[in-house]
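Everything below concerns the one structure shown next.
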Amino acid sequence: MLAAFDTEFGIQEPTQEVSMAGRTDRAIIAELFAIYGFRDDEQTWQRFLDAYLEHLPRQLAQRDGLVLPGVRDLLESLALREDVLLGLLTGNYRQGALLKLEYYRLRHFFGFGGYGDRHHHRDDIAREALAELAGHHPHAIDPGRVWVIGDTPADVRCGRAIAANVIAVGTGAYDMEDLHAAGPDQLLPNLADRQSFLELLN
């Protein structure tokens, strides 16, 4: 994002501190547009998005990102189950999210999702993801059988917005106390213990 602001708008290092954890890409960039006086219209959005998607593959290769312990094994186990559908609920732009998943070889696990291209609030992304889920399921969706997994209080809130169960995981920017205060159904330090997670679904 910072590289895109530099090359497309000449803002080398945004001086304003903008919170990013748990927010949508649309909301983050809208705030930066407002701070630096850029028009919040589709043409400006597209300029940013084109630059962002051009920079993202190089940035992924240069950074020390990784798939957190247990995640790949857990996804592989869930993908084998006939009673589980895996979807992605993320504040990332759709194309950006898919580039990240492809880079870490995780894209094939997710057949649908809700993304941060249009929405400023994560709750609306949860509603979009739930609607997408309905298109992949032959029967009416019981929210009590839907699980939202995330590492921010915003993830807990968006799960509640669709009456889903929520598992908070302490692998992000928030500590366990903050996540506990948000009121998830389950709180895990990480996803390394696959069996403990699978027992929750049963």
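So you can find residues: chains in the structure tokens are A, B, ... in the order shown, residues in each start at 1, and ligands are numbered from 1 in order.
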Applying 8 Å and only C-alpha atoms, which residues near Leu191 in chain A remain after dropping the ones on its own chain fewer than 3 positions away? List them as an MDAnalysis selection string. chainID A and resid 68:71 74 169 188 194 197
Excluding Gln46 in chain A and any residue of its chain fewer than 3 positions from it, enumerate the residues within 12 Å of it, using only C-alpha atoms, and give them as a ChimeraX atom specification. /A:4,8,26,29,39-43,49-53,93,117
Write out the residues from the selection above, keeping C-alpha atoms, as a compact mmCIF listing (two decimals), in the first residue's frame.
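File selection-v2.txt, as written:
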```
# COMPACT_ATOMS: atom_id res chain seq x y z
CA ALA A 4 1.46 2.30 -4.32
CA GLU A 8 0.95 6.69 -7.96
CA ARG A 26 -11.43 0.08 1.35
CA ILE A 29 -7.39 3.71 1.80
CA ARG A 39 -10.94 12.51 -4.35
CA ASP A 40 -12.78 9.45 -3.05
CA ASP A 41 -14.10 8.33 -6.43
CA GLU A 42 -13.81 5.23 -8.60
CA GLN A 43 -11.10 6.68 -10.85
CA LEU A 49 -5.64 -0.55 -6.93
CA ASP A 50 -3.70 -0.92 -10.19
CA ALA A 51 -0.52 0.30 -8.50
CA TYR A 52 -1.12 -1.84 -5.42
CA LEU A 53 -1.59 -5.01 -7.46
CA TYR A 93 -9.16 -6.53 -1.86
CA ASP A 117 -13.28 -4.10 -2.25
```
Using only C-alpha atoms, the best pick from A:Thr44, A:Gln62, A:Thr7, A:Ser77 as closest to Gln195 in chain A would be A:Ser77
Where does range 10-100 of chain A meet range 150-167 of chain A within 10 Å, residue by residue, with the nearest atom pair and distance in Å to one decimal for each, counting only C-alpha atoms, listed by chain and rising number, as a Markdown table?
```
| residue | atom | partner | partner_atom | distance |
| --- | --- | --- | --- | --- |
| A:Ala21 | CA | A:Thr152 | CA | 7.0 |
| A:Gly22 | CA | A:Ala154 | CA | 5.3 |
| A:Arg23 | CA | A:Ala154 | CA | 7.5 |
| A:Leu89 | CA | A:Gly150 | CA | 9.0 |
| A:Thr90 | CA | A:Asp155 | CA | 9.2 |
| A:Gly91 | CA | A:Asp155 | CA | 9.9 |
```
When DSSP works through the backbone of this structure, what residues of range 37-152 of chain A end up as alpha helix (DSSP H), shown as a VMD selection string? chain A and resid 42 to 62 71 to 79 94 to 103 122 to 134
Using the selection just defined, write its residues with C-alpha atoms as a compact mmCIF listing (two decimals), in the first residue's frame.
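Below is the file that was written, out01.txt:
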```txt
# COMPACT_ATOMS: atom_id res chain seq x y z
CA GLU A 42 -13.81 5.23 -8.60
CA GLN A 43 -11.10 6.68 -10.85
CA THR A 44 -8.83 7.40 -7.88
CA TRP A 45 -9.60 4.00 -6.38
CA GLN A 46 -8.69 2.27 -9.62
CA ARG A 47 -5.42 4.20 -9.86
CA PHE A 48 -4.50 3.04 -6.39
CA LEU A 49 -5.64 -0.55 -6.93
CA ASP A 50 -3.70 -0.92 -10.19
CA ALA A 51 -0.52 0.30 -8.50
CA TYR A 52 -1.12 -1.84 -5.42
CA LEU A 53 -1.59 -5.01 -7.46
CA GLU A 54 1.54 -4.23 -9.44
CA HIS A 55 3.64 -3.88 -6.28
CA LEU A 56 2.11 -6.72 -4.26
CA PRO A 57 3.83 -9.74 -5.89
CA ARG A 58 7.26 -8.14 -5.46
CA GLN A 59 6.51 -7.13 -1.89
CA LEU A 60 5.40 -10.66 -1.01
CA ALA A 61 8.67 -12.06 -2.35
CA GLN A 62 10.75 -9.52 -0.40
CA VAL A 71 -2.83 -23.67 9.39
CA ARG A 72 -2.00 -25.76 6.33
CA ASP A 73 -2.55 -29.08 8.16
CA LEU A 74 -5.87 -27.82 9.51
CA LEU A 75 -7.06 -26.67 6.08
CA GLU A 76 -6.08 -30.01 4.58
CA SER A 77 -8.07 -31.85 7.25
CA LEU A 78 -11.13 -29.64 6.81
CA ALA A 79 -11.01 -29.89 3.02
CA ARG A 94 -10.29 -9.67 -3.64
CA GLN A 95 -7.43 -9.65 -6.17
CA GLY A 96 -4.92 -8.90 -3.43
CA ALA A 97 -6.24 -11.70 -1.23
CA LEU A 98 -6.03 -14.18 -4.09
CA LEU A 99 -2.46 -13.13 -4.92
CA LYS A 100 -1.48 -13.71 -1.28
CA LEU A 101 -3.20 -17.10 -1.18
CA GLU A 102 -1.54 -18.13 -4.43
CA TYR A 103 1.87 -17.07 -3.17
CA ARG A 122 -16.11 -5.88 8.29
CA ASP A 123 -19.66 -6.76 9.36
CA ASP A 124 -20.79 -6.14 5.77
CA ILE A 125 -18.07 -8.45 4.47
CA ALA A 126 -19.37 -11.16 6.80
CA ARG A 127 -22.85 -10.70 5.35
CA GLU A 128 -21.41 -10.91 1.83
CA ALA A 129 -19.51 -14.10 2.70
CA LEU A 130 -22.65 -15.63 4.21
CA ALA A 131 -24.60 -14.84 1.04
CA GLU A 132 -21.84 -16.46 -1.03
CA LEU A 133 -21.99 -19.51 1.23
CA ALA A 134 -25.70 -19.82 0.52
```
To one decimal place in Å, what is the distance between CA of Glu177 in chain A and CA of Val146 in chain A? 24.2 Å
Rounded to one decimal in Å, what is the spacing between CA of His180 in chain A and CA of Ser19 in chain A?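 Going from CA of His180 in chain A over to CA of Ser19 in chain A covers 20.4 Å.
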With only C-alpha atoms as the counted atoms, please give the residues lying no more than 10 Å from Gly111 in chain A, apart from itself and same-chain residues fewer than 6 positions off, as a list in words. Leu85, Leu86, Gly87, Leu88, Glu132, Leu133 and His136 of chain A
For CA of His121 in chain A and CA of Thr24 in chain A, determine how far apart the two atoms are, in Å to one decimal place.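 Rounded to one decimal, the two atoms are 6.6 Å apart.
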Please extract the residues of chain A with a backbone DSSP assignment of strand (DSSP E) and present them as a short mmCIF file (atom, residue, chain, number, x, y, z; two decimals) with N, CA and C atoms, in the first residue's frame.
```cif
data_model
loop_
_atom_site.label_atom_id
_atom_site.label_comp_id
_atom_site.auth_asym_id
_atom_site.auth_seq_id
_atom_site.Cartn_x
_atom_site.Cartn_y
_atom_site.Cartn_z
N GLY A 87 -14.64 -21.05 3.31
CA GLY A 87 -14.71 -19.77 2.64
C GLY A 87 -13.77 -18.78 3.28
N LEU A 88 -13.44 -17.74 2.55
CA LEU A 88 -12.53 -16.71 3.05
C LEU A 88 -13.32 -15.45 3.36
N LEU A 89 -13.12 -14.91 4.55
CA LEU A 89 -13.74 -13.66 4.97
C LEU A 89 -12.58 -12.73 5.31
N PHE A 112 -15.15 -19.82 -2.07
CA PHE A 112 -15.96 -18.61 -2.11
C PHE A 112 -15.45 -17.67 -1.02
N GLY A 113 -16.03 -16.47 -0.96
CA GLY A 113 -15.59 -15.56 0.09
C GLY A 113 -16.27 -14.21 0.04
N GLY A 114 -15.92 -13.39 1.03
CA GLY A 114 -16.31 -11.98 1.09
C GLY A 114 -15.06 -11.15 1.23
N TRP A 147 -18.80 -21.02 11.42
CA TRP A 147 -17.72 -20.60 12.31
C TRP A 147 -16.88 -19.53 11.61
N VAL A 148 -16.67 -18.43 12.29
CA VAL A 148 -15.76 -17.38 11.82
C VAL A 148 -14.50 -17.45 12.65
N ILE A 149 -13.35 -17.46 11.99
CA ILE A 149 -12.07 -17.56 12.67
C ILE A 149 -11.27 -16.30 12.36
N GLY A 150 -10.75 -15.64 13.38
CA GLY A 150 -9.98 -14.44 13.15
C GLY A 150 -9.10 -14.08 14.33
N ASN A 165 -20.79 -18.68 15.11
CA ASN A 165 -19.83 -18.97 16.17
C ASN A 165 -18.50 -18.31 15.80
N VAL A 166 -17.72 -17.97 16.81
CA VAL A 166 -16.46 -17.28 16.55
C VAL A 166 -15.32 -17.91 17.34
N ILE A 167 -14.23 -18.19 16.65
CA ILE A 167 -12.99 -18.62 17.27
C ILE A 167 -11.97 -17.50 17.09
N ALA A 168 -11.49 -16.97 18.19
CA ALA A 168 -10.44 -15.95 18.13
C ALA A 168 -9.09 -16.64 18.36
N VAL A 169 -8.10 -16.22 17.58
CA VAL A 169 -6.77 -16.83 17.63
C VAL A 169 -5.74 -15.75 17.93
N GLN A 186 -14.75 -19.31 21.44
CA GLN A 186 -13.53 -20.03 21.81
C GLN A 186 -12.34 -19.11 21.56
N LEU A 187 -11.34 -19.25 22.41
CA LEU A 187 -10.11 -18.47 22.27
C LEU A 187 -8.93 -19.43 22.29
N LEU A 188 -8.14 -19.42 21.20
CA LEU A 188 -7.00 -20.30 21.07
C LEU A 188 -5.73 -19.48 20.89
#
```
Would you mind telling me which residue in A:Phe9, A:Glu17, A:Glu82, A:Gly144 lies nearest to Glu31 in chain A when using only C-alpha atoms? A:Glu17
Pick from A:Asp175, A:Glu13, A:Val18, A:Leu201, whichever lies nearest to Pro189 in chain A using only C-alpha atoms: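 Selected residue with least distance to Pro189 in chain A: A:Asp175.
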